[in-house]
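Asker: For reference, the file protein37.cif (mmCIF, C-alpha atoms) is included below:
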```
data_start
#
loop_
_atom_site.label_atom_id
_atom_site.label_comp_id
_atom_site.auth_asym_id
_atom_site.auth_seq_id
_atom_site.Cartn_x
_atom_site.Cartn_y
_atom_site.Cartn_z
CA MET X 1 -6.88 -34.50 11.16
CA THR X 2 -4.22 -37.08 12.13
CA VAL X 3 -2.62 -36.69 8.72
CA GLU X 4 -2.44 -32.93 9.13
CA ARG X 5 -0.93 -33.20 12.61
CA GLY X 6 1.63 -35.60 11.20
CA PHE X 7 2.47 -33.18 8.41
CA TRP X 8 3.10 -30.30 10.81
CA ARG X 9 5.10 -32.51 13.17
CA GLU X 10 7.27 -33.66 10.27
CA PHE X 11 7.63 -30.10 9.03
CA TRP X 12 8.70 -28.81 12.46
CA HIS X 13 11.42 -31.43 12.82
CA ALA X 14 12.60 -31.29 9.20
CA GLY X 15 14.24 -27.86 9.45
CA HIS X 16 15.34 -25.15 11.86
CA GLY X 17 12.30 -23.41 13.37
CA PRO X 18 14.13 -20.48 15.04
CA THR X 19 15.71 -19.52 11.72
CA LEU X 20 12.30 -19.58 10.03
CA LEU X 21 10.93 -17.37 12.82
CA ALA X 22 13.86 -14.97 12.45
CA ALA X 23 13.28 -14.77 8.70
CA PHE X 24 9.60 -14.01 9.27
CA LEU X 25 10.29 -11.28 11.86
CA TYR X 26 12.95 -9.64 9.71
CA PHE X 27 10.72 -9.64 6.65
CA ASP X 28 7.70 -8.46 8.66
CA VAL X 29 9.28 -5.34 10.17
CA SER X 30 11.11 -4.58 6.92
CA PHE X 31 7.87 -4.78 4.98
CA LEU X 32 6.23 -2.45 7.49
CA LEU X 33 8.94 0.14 6.88
CA TRP X 34 8.94 -0.40 3.12
CA MET X 35 5.22 0.44 3.02
CA LEU X 36 5.51 3.39 5.39
CA VAL X 37 5.45 6.09 2.71
CA GLY X 38 2.26 4.67 1.20
CA SER X 39 0.60 4.46 4.60
CA LEU X 40 1.46 8.10 5.31
CA ALA X 41 0.74 9.31 1.77
CA VAL X 42 -2.43 11.19 2.70
CA PHE X 43 -0.54 13.18 5.35
CA LEU X 44 2.52 13.72 3.15
CA SER X 45 0.50 14.83 0.13
CA ALA X 46 -1.52 17.32 2.17
CA ASP X 47 1.54 18.76 3.91
CA LEU X 48 3.71 18.91 0.78
CA GLU X 49 0.81 19.86 -1.56
CA LEU X 50 1.43 17.08 -4.08
CA THR X 51 -0.41 16.50 -7.37
CA ALA X 52 -2.01 13.16 -8.25
CA SER X 53 0.97 12.06 -10.35
CA GLN X 54 3.43 13.17 -7.63
CA LYS X 55 1.50 11.14 -5.05
CA GLY X 56 1.61 8.09 -7.29
CA PHE X 57 5.34 8.43 -7.95
CA LEU X 58 6.21 9.05 -4.30
CA VAL X 59 4.26 5.98 -3.18
CA ALA X 60 5.80 3.89 -5.96
CA LEU X 61 9.44 4.93 -5.55
CA PRO X 62 10.27 2.70 -2.54
CA LEU X 63 8.94 -0.23 -4.57
CA LEU X 64 11.25 0.52 -7.49
CA SER X 65 14.22 1.14 -5.24
CA GLY X 66 13.55 -2.08 -3.35
CA ALA X 67 13.27 -3.97 -6.63
CA CYS X 68 16.69 -2.79 -7.77
CA LEU X 69 18.31 -3.46 -4.41
CA ARG X 70 16.90 -6.99 -4.27
CA LEU X 71 19.32 -7.96 -7.01
CA LEU X 72 22.24 -6.86 -4.86
CA ALA X 73 20.79 -8.31 -1.67
CA GLY X 74 20.13 -11.70 -3.25
CA THR X 75 23.69 -11.90 -4.54
CA LEU X 76 25.09 -10.87 -1.16
CA ALA X 77 22.94 -13.49 0.59
CA ASP X 78 24.52 -16.14 -1.64
CA ARG X 79 28.06 -14.81 -1.22
CA ILE X 80 28.42 -13.60 2.40
CA GLY X 81 25.37 -15.19 4.00
CA ALA X 82 21.91 -14.04 4.99
CA ARG X 83 22.77 -13.04 8.58
CA ARG X 84 25.38 -10.51 7.55
CA THR X 85 23.29 -9.20 4.67
CA ALA X 86 20.24 -8.78 6.91
CA ALA X 87 22.21 -6.93 9.60
CA LEU X 88 23.60 -4.57 6.97
CA GLY X 89 20.13 -4.00 5.51
CA MET X 90 18.54 -3.19 8.86
CA SER X 91 21.36 -0.77 9.69
CA LEU X 92 20.83 1.11 6.42
CA THR X 93 17.07 1.13 6.98
CA ALA X 94 17.67 2.89 10.31
CA VAL X 95 19.48 5.63 8.39
CA ALA X 96 16.48 5.96 6.06
CA LEU X 97 14.13 6.37 9.03
CA LEU X 98 16.32 9.10 10.48
CA CYS X 99 16.21 10.90 7.14
CA GLY X 100 12.43 10.62 7.05
CA GLY X 101 12.01 11.93 10.56
CA LEU X 102 14.55 14.75 10.43
CA GLY X 103 15.30 15.60 6.81
CA VAL X 104 12.10 15.80 4.72
CA GLN X 105 11.21 19.39 3.85
CA GLY X 106 9.75 19.09 0.35
CA PHE X 107 8.96 16.74 -2.53
CA VAL X 108 12.59 16.13 -3.51
CA SER X 109 13.73 15.24 0.01
CA ALA X 110 10.64 13.04 0.39
CA LEU X 111 11.70 11.19 -2.77
CA CYS X 112 15.18 10.68 -1.33
CA THR X 113 13.74 9.14 1.83
CA ALA X 114 11.39 6.96 -0.20
CA ALA X 115 14.30 5.69 -2.29
CA LEU X 116 16.37 4.90 0.83
CA LEU X 117 13.49 2.89 2.29
CA GLY X 118 13.89 0.56 -0.67
CA VAL X 119 16.62 -1.09 1.43
CA ALA X 120 13.85 -2.51 3.61
CA GLY X 121 12.14 -3.93 0.54
CA ALA X 122 15.34 -5.72 -0.43
CA SER X 123 14.90 -7.91 2.69
CA PHE X 124 12.77 -10.20 0.56
CA ALA X 125 15.86 -11.52 -1.25
CA VAL X 126 17.46 -12.35 2.11
CA ALA X 127 14.63 -13.68 4.27
CA LEU X 128 13.21 -16.12 1.73
CA PRO X 129 16.51 -17.79 0.78
CA LEU X 130 17.29 -18.15 4.48
CA ALA X 131 13.95 -19.89 5.06
CA SER X 132 14.36 -22.00 1.93
CA ARG X 133 17.80 -23.32 2.90
CA SER X 134 16.56 -24.19 6.38
CA TYR X 135 14.08 -26.80 5.04
CA PRO X 136 14.24 -29.70 2.56
CA ALA X 137 12.77 -29.58 -0.93
CA ARG X 138 9.42 -31.17 -0.06
CA PHE X 139 8.62 -28.29 2.33
CA GLN X 140 9.71 -25.39 0.12
CA GLY X 141 6.23 -24.02 -0.49
CA ILE X 142 5.14 -23.88 3.14
CA ALA X 143 8.52 -22.70 4.50
CA MET X 144 8.80 -19.86 2.01
CA GLY X 145 5.11 -19.12 2.45
CA ILE X 146 5.53 -18.69 6.20
CA ALA X 147 8.58 -16.46 5.77
CA GLY X 148 6.82 -14.56 2.99
CA ALA X 149 3.84 -13.97 5.27
CA GLY X 150 6.04 -11.26 6.73
CA ASN X 151 4.35 -9.06 4.16
CA SER X 152 1.78 -8.75 6.94
CA GLY X 153 3.96 -5.81 7.93
CA THR X 154 1.86 -3.97 5.37
CA VAL X 155 -1.15 -4.51 7.61
CA LEU X 156 0.67 -3.00 10.57
CA ALA X 157 1.79 -0.01 8.51
CA ALA X 158 -1.68 0.62 7.07
CA PHE X 159 -3.44 0.30 10.42
CA PHE X 160 -1.06 1.93 12.88
CA ALA X 161 0.89 4.52 10.88
CA PRO X 162 -2.06 6.88 10.21
CA ARG X 163 -3.17 6.67 13.84
CA LEU X 164 0.33 7.32 15.13
CA ALA X 165 0.71 10.21 12.66
CA GLU X 166 -2.35 11.93 14.14
CA TRP X 167 -0.63 11.78 17.52
CA VAL X 168 3.06 12.52 16.77
CA GLY X 169 2.93 13.78 13.16
CA TRP X 170 4.15 11.90 10.11
CA ARG X 171 7.79 12.82 10.80
CA GLY X 172 7.46 11.36 14.28
CA VAL X 173 6.24 8.07 12.83
CA PHE X 174 9.56 7.57 11.03
CA LEU X 175 11.46 8.07 14.30
CA TRP X 176 9.18 5.84 16.38
CA CYS X 177 9.67 3.04 13.87
CA LEU X 178 13.33 2.83 14.88
CA ILE X 179 12.21 0.97 18.02
CA PRO X 180 10.74 -2.17 16.35
CA LEU X 181 13.57 -2.15 13.82
CA LEU X 182 16.30 -2.30 16.47
CA ILE X 183 14.42 -4.96 18.48
CA THR X 184 14.10 -7.08 15.35
CA LEU X 185 17.81 -6.72 14.58
CA VAL X 186 18.72 -8.10 18.01
CA LEU X 187 16.23 -10.98 17.78
CA PHE X 188 17.39 -11.87 14.28
CA LEU X 189 21.02 -12.14 15.33
CA LEU X 190 20.02 -14.32 18.29
CA LEU X 191 17.70 -16.69 16.43
CA ALA X 192 18.96 -17.02 12.87
CA ARG X 193 21.39 -19.79 11.97
CA GLU X 194 23.32 -19.56 8.73
CA PRO X 195 22.88 -22.78 6.70
CA ALA X 196 26.30 -24.33 6.15
CA SER X 197 25.67 -24.65 2.41
CA PHE X 198 24.63 -21.05 1.77
CA ALA X 199 27.37 -20.46 -0.82
CA ARG X 200 26.82 -23.70 -2.74
CA ASN X 201 26.38 -23.02 -6.46
CA ALA X 202 26.25 -19.28 -5.74
CA ARG X 203 27.88 -18.73 -9.12
CA GLN X 204 25.36 -20.90 -10.99
CA PRO X 205 24.39 -18.98 -14.17
CA ILE X 206 20.62 -18.64 -14.25
CA ALA X 207 20.01 -15.47 -16.29
CA ARG X 208 19.67 -17.46 -19.53
CA GLU X 209 17.05 -19.80 -18.10
CA PRO X 210 13.65 -19.07 -19.75
CA ASP X 211 11.82 -20.33 -16.66
CA LEU X 212 13.40 -17.57 -14.59
CA TRP X 213 11.91 -14.86 -16.78
CA TRP X 214 8.50 -16.47 -16.86
CA LEU X 215 8.60 -16.59 -13.05
CA CYS X 216 9.52 -12.91 -13.11
CA ALA X 217 6.47 -12.15 -15.26
CA PHE X 218 4.16 -14.15 -13.02
CA TYR X 219 5.52 -12.53 -9.86
CA MET X 220 5.38 -9.10 -11.43
CA LEU X 221 1.60 -9.37 -11.35
CA THR X 222 1.06 -11.32 -8.10
CA PHE X 223 3.53 -9.55 -5.84
CA GLY X 224 3.58 -6.35 -7.88
CA GLY X 225 -0.19 -6.27 -7.69
CA PHE X 226 -0.22 -7.03 -3.97
CA VAL X 227 2.37 -4.45 -2.98
CA GLY X 228 1.23 -1.88 -5.54
CA TRP X 229 -2.39 -1.98 -4.42
CA SER X 230 -1.31 -2.09 -0.76
CA SER X 231 0.72 1.08 -1.07
CA PHE X 232 -1.84 2.96 -3.16
CA LEU X 233 -5.12 1.92 -1.51
CA PRO X 234 -5.02 4.68 1.17
CA VAL X 235 -4.81 7.27 -1.62
CA LEU X 236 -7.40 5.42 -3.71
CA PHE X 237 -9.97 5.14 -0.92
CA SER X 238 -9.40 8.74 0.12
CA ASP X 239 -9.80 10.04 -3.45
CA LEU X 240 -12.78 7.88 -4.42
CA TYR X 241 -14.84 8.09 -1.24
CA GLY X 242 -13.48 11.14 0.59
CA VAL X 243 -12.83 9.22 3.80
CA PRO X 244 -10.30 10.38 6.44
CA ALA X 245 -6.76 9.00 6.39
CA VAL X 246 -7.38 6.74 9.39
CA THR X 247 -10.47 5.21 7.80
CA ALA X 248 -8.64 4.68 4.52
CA GLY X 249 -5.80 3.03 6.45
CA THR X 250 -8.21 0.71 8.27
CA TRP X 251 -9.85 -0.37 5.02
CA THR X 252 -6.41 -0.94 3.50
CA ALA X 253 -5.32 -3.02 6.50
CA ALA X 254 -8.35 -5.30 6.05
CA CYS X 255 -7.50 -5.83 2.38
CA VAL X 256 -3.81 -6.42 3.00
CA LEU X 257 -4.49 -8.84 5.86
CA ALA X 258 -6.19 -11.20 3.42
CA GLY X 259 -3.16 -11.25 1.12
CA SER X 260 -0.70 -11.76 3.96
CA ALA X 261 -2.72 -14.53 5.60
CA LEU X 262 -3.22 -16.44 2.36
CA ARG X 263 0.41 -16.44 1.23
CA PRO X 264 1.34 -19.53 3.33
CA LEU X 265 -1.86 -21.20 2.12
CA GLY X 266 -0.82 -20.57 -1.47
CA GLY X 267 2.55 -22.20 -0.81
CA TRP X 268 0.93 -25.15 0.95
CA LEU X 269 -1.57 -25.66 -1.88
CA ALA X 270 1.27 -25.47 -4.40
CA ASP X 271 3.16 -28.17 -2.45
CA ARG X 272 0.06 -30.35 -2.57
CA TRP X 273 -1.52 -29.62 -5.96
CA GLY X 274 1.08 -27.74 -8.03
CA GLY X 275 1.90 -24.09 -8.51
CA VAL X 276 0.46 -23.95 -12.03
CA GLY X 277 -3.08 -24.75 -10.93
CA VAL X 278 -2.94 -22.32 -8.02
CA LEU X 279 -1.63 -19.49 -10.21
CA SER X 280 -4.29 -20.13 -12.84
CA SER X 281 -7.02 -19.66 -10.25
CA VAL X 282 -5.30 -16.55 -8.91
CA TYR X 283 -5.11 -14.82 -12.28
CA ALA X 284 -8.70 -15.66 -13.14
CA LEU X 285 -9.98 -14.24 -9.85
CA ALA X 286 -7.74 -11.16 -9.85
CA GLY X 287 -8.64 -10.32 -13.43
CA GLY X 288 -12.35 -10.67 -12.75
CA VAL X 289 -12.25 -8.51 -9.62
CA ALA X 290 -10.17 -5.79 -11.31
CA SER X 291 -12.68 -5.56 -14.13
CA LEU X 292 -15.48 -5.01 -11.60
CA ILE X 293 -13.85 -2.75 -9.04
CA GLY X 294 -14.32 0.46 -10.98
CA LEU X 295 -18.01 -0.21 -11.54
CA VAL X 296 -19.21 -0.46 -7.93
CA PRO X 297 -20.35 2.78 -6.25
CA SER X 298 -20.51 1.31 -2.75
CA PRO X 299 -17.34 1.63 -0.63
CA ALA X 300 -18.28 -1.53 1.28
CA ALA X 301 -18.48 -3.50 -1.98
CA ALA X 302 -15.18 -2.00 -3.14
CA VAL X 303 -13.46 -3.07 0.08
CA LEU X 304 -14.85 -6.61 -0.22
CA LEU X 305 -13.66 -6.86 -3.81
CA MET X 306 -10.21 -5.61 -2.83
CA VAL X 307 -10.08 -8.17 -0.02
CA ALA X 308 -10.78 -10.89 -2.59
CA MET X 309 -8.19 -9.52 -5.00
CA LEU X 310 -5.37 -9.08 -2.50
CA GLY X 311 -6.19 -12.44 -0.92
CA SER X 312 -5.83 -14.16 -4.28
CA LEU X 313 -2.62 -12.28 -5.08
CA GLY X 314 -1.18 -13.27 -1.70
CA ALA X 315 -1.86 -16.94 -2.41
CA GLY X 316 -0.28 -16.47 -5.83
CA ASN X 317 2.89 -15.12 -4.23
CA GLY X 318 3.27 -18.32 -2.23
CA ALA X 319 2.68 -20.44 -5.32
CA VAL X 320 5.28 -18.61 -7.41
CA PHE X 321 7.98 -19.12 -4.82
CA GLN X 322 7.17 -22.76 -4.41
CA LEU X 323 8.18 -22.98 -8.06
CA VAL X 324 11.28 -20.81 -7.53
CA GLY X 325 12.49 -23.05 -4.71
CA GLN X 326 11.95 -26.17 -6.82
CA ARG X 327 13.53 -24.80 -9.99
CA PHE X 328 16.61 -23.02 -8.58
CA PRO X 329 17.55 -24.73 -5.29
CA GLY X 330 21.27 -24.13 -5.76
CA ALA X 331 20.97 -20.41 -6.49
CA ILE X 332 17.93 -19.53 -4.46
CA GLY X 333 19.32 -16.19 -3.28
CA LYS X 334 20.12 -15.00 -6.78
CA ALA X 335 16.82 -16.32 -8.19
CA THR X 336 14.86 -14.75 -5.35
CA GLY X 337 16.61 -11.44 -5.94
CA ILE X 338 15.80 -11.41 -9.65
CA VAL X 339 12.21 -12.63 -9.34
CA GLY X 340 11.65 -10.38 -6.34
CA ALA X 341 13.02 -7.44 -8.27
CA ALA X 342 10.50 -8.08 -11.03
CA GLY X 343 7.75 -8.07 -8.42
CA GLY X 344 8.99 -4.77 -7.07
CA VAL X 345 8.99 -3.27 -10.57
CA GLY X 346 5.39 -4.39 -10.96
CA GLY X 347 4.60 -2.71 -7.65
CA PHE X 348 6.24 0.49 -8.88
CA LEU X 349 4.36 0.52 -12.17
CA LEU X 350 0.88 -0.01 -10.70
CA PRO X 351 0.56 3.12 -8.50
CA SER X 352 2.56 5.19 -11.00
CA ILE X 353 0.15 4.27 -13.79
CA LEU X 354 -2.90 4.76 -11.61
CA GLY X 355 -1.74 8.26 -10.62
CA VAL X 356 -1.00 9.32 -14.20
CA VAL X 357 -4.25 7.81 -15.53
CA ARG X 358 -6.24 9.63 -12.87
CA GLU X 359 -4.55 12.94 -13.66
CA ILE X 360 -5.09 12.56 -17.41
CA SER X 361 -8.58 11.04 -17.54
CA GLY X 362 -10.02 12.00 -14.17
CA SER X 363 -10.81 8.34 -13.45
CA TYR X 364 -9.06 5.24 -12.15
CA VAL X 365 -11.17 2.88 -14.29
CA PRO X 366 -8.71 2.65 -17.23
CA GLY X 367 -6.01 1.64 -14.75
CA PHE X 368 -8.22 -1.11 -13.33
CA GLY X 369 -8.86 -2.33 -16.86
CA ALA X 370 -5.14 -2.47 -17.64
CA PHE X 371 -4.50 -4.60 -14.56
CA ALA X 372 -7.35 -6.98 -15.49
CA SER X 373 -5.97 -7.31 -19.02
CA ALA X 374 -2.49 -8.16 -17.69
CA ALA X 375 -3.98 -10.89 -15.46
CA VAL X 376 -5.86 -12.45 -18.38
CA ALA X 377 -2.76 -12.33 -20.61
CA LEU X 378 -0.65 -14.11 -17.99
CA LEU X 379 -3.39 -16.70 -17.45
CA VAL X 380 -3.30 -17.52 -21.17
CA ALA X 381 0.52 -17.69 -21.13
CA LEU X 382 0.51 -19.93 -18.05
CA ARG X 383 -1.88 -22.42 -19.59
CA TRP X 384 0.21 -22.45 -22.77
CA LEU X 385 3.34 -23.19 -20.72
CA GLU X 386 1.69 -25.78 -18.50
CA ARG X 387 2.97 -28.82 -20.38
CA ARG X 388 6.56 -27.60 -20.30
CA TRP X 389 6.38 -26.73 -16.61
CA ARG X 390 4.92 -30.13 -15.73
CA TRP X 391 7.60 -31.88 -17.75
CA THR X 392 10.37 -29.92 -16.01
CA LEU X 393 9.04 -30.72 -12.54
CA ALA X 394 8.46 -34.36 -13.47
CA VAL X 395 12.14 -34.69 -14.41
CA ARG X 396 13.14 -33.12 -11.10
CA ARG X 397 10.92 -35.53 -9.18
CA GLN X 398 12.72 -38.46 -10.82
CA VAL X 399 16.08 -37.05 -9.74
CA GLU X 400 14.87 -35.93 -6.28
CA PRO X 401 11.91 -38.08 -5.18
CA GLY X 402 11.06 -35.63 -2.38
CA VAL X 403 10.26 -32.81 -4.80
CA ALA X 404 6.55 -31.94 -4.76
CA HIS X 405 4.59 -31.27 -7.93
#
```
Output the file's structure in the form of structure tokens.
Answerer:
Amino acid sequence: MTVERGFWREFWHAGHGPTLLAAFLYFDVSFLLWMLVGSLAVFLSADLELTASQKGFLVALPLLSGACLRLLAGTLADRIGARRTAALGMSLTAVALLCGGLGVQGFVSALCTAALLGVAGASFAVALPLASRSYPARFQGIAMGIAGAGNSGTVLAAFFAPRLAEWVGWRGVFLWCLIPLLITLVLFLLLAREPASFARNARQPIAREPDLWWLCAFYMLTFGGFVGWSSFLPVLFSDLYGVPAVTAGTWTAACVLAGSALRPLGGWLADRWGGVGVLSSVYALAGGVASLIGLVPSPAAAVLLMVAMLGSLGAGNGAVFQLVGQRFPGAIGKATGIVGAAGGVGGFLLPSILGVVREISGSYVPGFGAFASAAVALLVALRWLERRWRWTLAVRRQVEPGVAH
């Protein structure tokens, strides 16, 4: 216990706590808004009379848009700083909320709003580099895990958005969400401090680094799986078990809470024991759960399995970014933008595929099987790459003794 208290005391004094808090708050409210379309999908699909494939595409579009915009946001965070980039992002997100509350009249206008909300998803490439640069290398996993726990905004969206929609309508939810967004903007500008070295090595070429693309593949399943399932679970629970939108949202919130809570734990475990081992366990568990989820008739069992899956994926997210912070410390904004974009693409593909598979086959089971197969394939690839990864990190530890394994 004394050792743990000493660790947290050292962590608190090693960096800038208010900046870490600001990064968390910014990411949290942005994630809430990024997931808003998925949380309101049952209401939107009923009002706009959408087909299964249209529901899947509408829910997935903010994820794709956010993935693309993360590339730009990460580059901007390296060039002009995280504070300015975040303020710009939150301002544009406010425009998206106004469009959702006042401009949606059909499927096409709903798609436009969903695409604009991708700006909120791009916050990932700003919040995590800000947290990373505020702490030394030996605390990268836990610092980025805490900031990344802002994906708990998904819990808030899943739990509160359906309830609020029953009171003010789904258009009203978009307008009400302007309040937490504006409060967060003010708090962020008050708390966040721009690290003096934010532009260091901003032009470092990293696109030809093989490790970057392997990290993209790993994050495509962990974060893509987490955000894809999070956005689609209200539709999935409603379709499979015929439950009301509020009940589906409550079940989704329970599942997402596990993933959000375990992200810092994944980063902490990666700091202590290595990201490779943590990711291996994550892929094994996620693949096993995905292969079982379509075979259980009980909704309670399905929810428990989804809690286990999203919890493991959340821990995997923290482990991946422990590796990102270690491998690309001088271009963390750019690396975060690229890896984060890959995760967003994974999140886009998952609900899109599930919707199309359901419409073609009448069942979600083939989609579950595809996800399980992807997890197993990445587990095999990770074990094959383990020696090379360990060698790379060993070299870095010789150069920078504070670097964790």
Asker: Quick one, how far is CA of Ala110 (chain X) from CA of Thr93 (chain X)?
Answerer: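 The value is 15.1 Å.
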Asker: Go through the shown structure with the PyMOL selection byres ((chain X and resi 376) around 10) and write out the matching residues as a PyMOL selection string.
Answerer: chain X and resi 280+283-288+371-375+377-382
Asker: Quick check on the file I pasted: which residues fall under the PyMOL selection byres ((chain X and resi 157) around 7)? Write them as a list in words.
Answerer: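 Checking the PyMOL selection byres ((chain X and resi 157) around 7) against this file, the residues are Leu32, Met35, Leu36, Ser39, Gly153, Thr154, Val155, Leu156, Ala158, Phe159, Phe160 and Ala161 of chain X.
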Asker: Could you please determine the separation between CA of Leu265 (chain X) and CA of Gly318 (chain X) in Å, to one decimal place?
Answerer: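 We find that CA of Leu265 (chain X) and CA of Gly318 (chain X) lie 7.3 Å from each other.
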Asker: Evaluate the PyMOL selection byres ((chain X and resi 347) around 8) and record the selected residues as a list in words, following the chain and residue labels used in the document.
Answerer: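 Applied to this file, the PyMOL selection byres ((chain X and resi 347) around 8) selects Ala60, Leu63, Leu64, Met220, Phe223, Gly224, Gly225, Phe226, Val227, Gly228, Trp229, Gly343, Gly344, Val345, Gly346, Phe348, Leu349, Leu350 and Pro351 of chain X.
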Asker: Taking 3 positions as the minimum chain separation for residues in the same chain, which residues sit within 10 Å of Gly145 (chain X) when counting all atoms listed in the file? Answer as an NGL selection string.
Answerer: :X and (24 or 128 or 131-132 or 139-142 or 148-150 or 260-268 or 314-315 or 317-322)
Asker: Could you name the residues that touch Ala115 (chain X) at 7 Å or less, counting all atoms listed in the file, but leaving out those on the same chain fewer than 5 positions away, as number ranges by chain?
Answerer: X: 61-62, 65
Asker: Suppose you want the space between CA of Ala41 (chain X) and CA of Pro234 (chain X); what is it in Å?
Answerer: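 Computed distance, CA of Ala41 (chain X) to CA of Pro234 (chain X), equals 7.4 Å.
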Asker: List the neighbours of Met306 (chain X) out to 8 Å using only C-alpha atoms; skip same-chain residues closer than 3 positions along the sequence, and give me the result as a PyMOL selection string.
Answerer: chain X and resi 255+289+293+302-303+309-310
Asker: Using only C-alpha atoms, can you tell me which of X:Arg272, X:Gly106, X:Gly101, X:Leu111 comes closest to Val173 (chain X)?
Answerer: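 Using only C-alpha atoms, the shortest distance to Val173 (chain X) belongs to X:Gly101.
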Asker: Which of these, X:Trp213, X:Phe328, X:Trp176, X:Trp167, has the shortest distance to Leu97 (chain X) once you count all atoms listed in the file?
Answerer: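 Looking only at the distances to Leu97 (chain X), the closest residue turns out to be X:Trp176.
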Asker: Have a look at X:Ala120, X:Ala125, X:Leu69, X:Cys112 and name the one nearest to Gly81 (chain X); count only C-alpha atoms.
Answerer: X:Ala125
Asker: Counting only C-alpha atoms, figure out which residue out of X:Ala46, X:Ala270, X:Val104, X:Ile146 gets nearest to Phe11 (chain X).
Answerer: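 Using only C-alpha atoms, the shortest distance to Phe11 (chain X) belongs to X:Ile146.
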Asker: Can you pull out the residues contacting Gly74 (chain X)? Cut-off 9 Å, using only C-alpha atoms, and skip same-chain residues under 3 positions away; I want them as a ChimeraX atom specification.
Answerer: /X:69-71,77-79,82,85,122-126,129,332-338
Asker: Hey, what's within 12 Å of Leu240 (chain X) if we count only C-alpha atoms and toss same-chain stuff fewer than 2 positions away? As number ranges by chain, please?
Answerer: X: 233-238, 242-244, 248, 293-299, 302-303, 358, 362-365
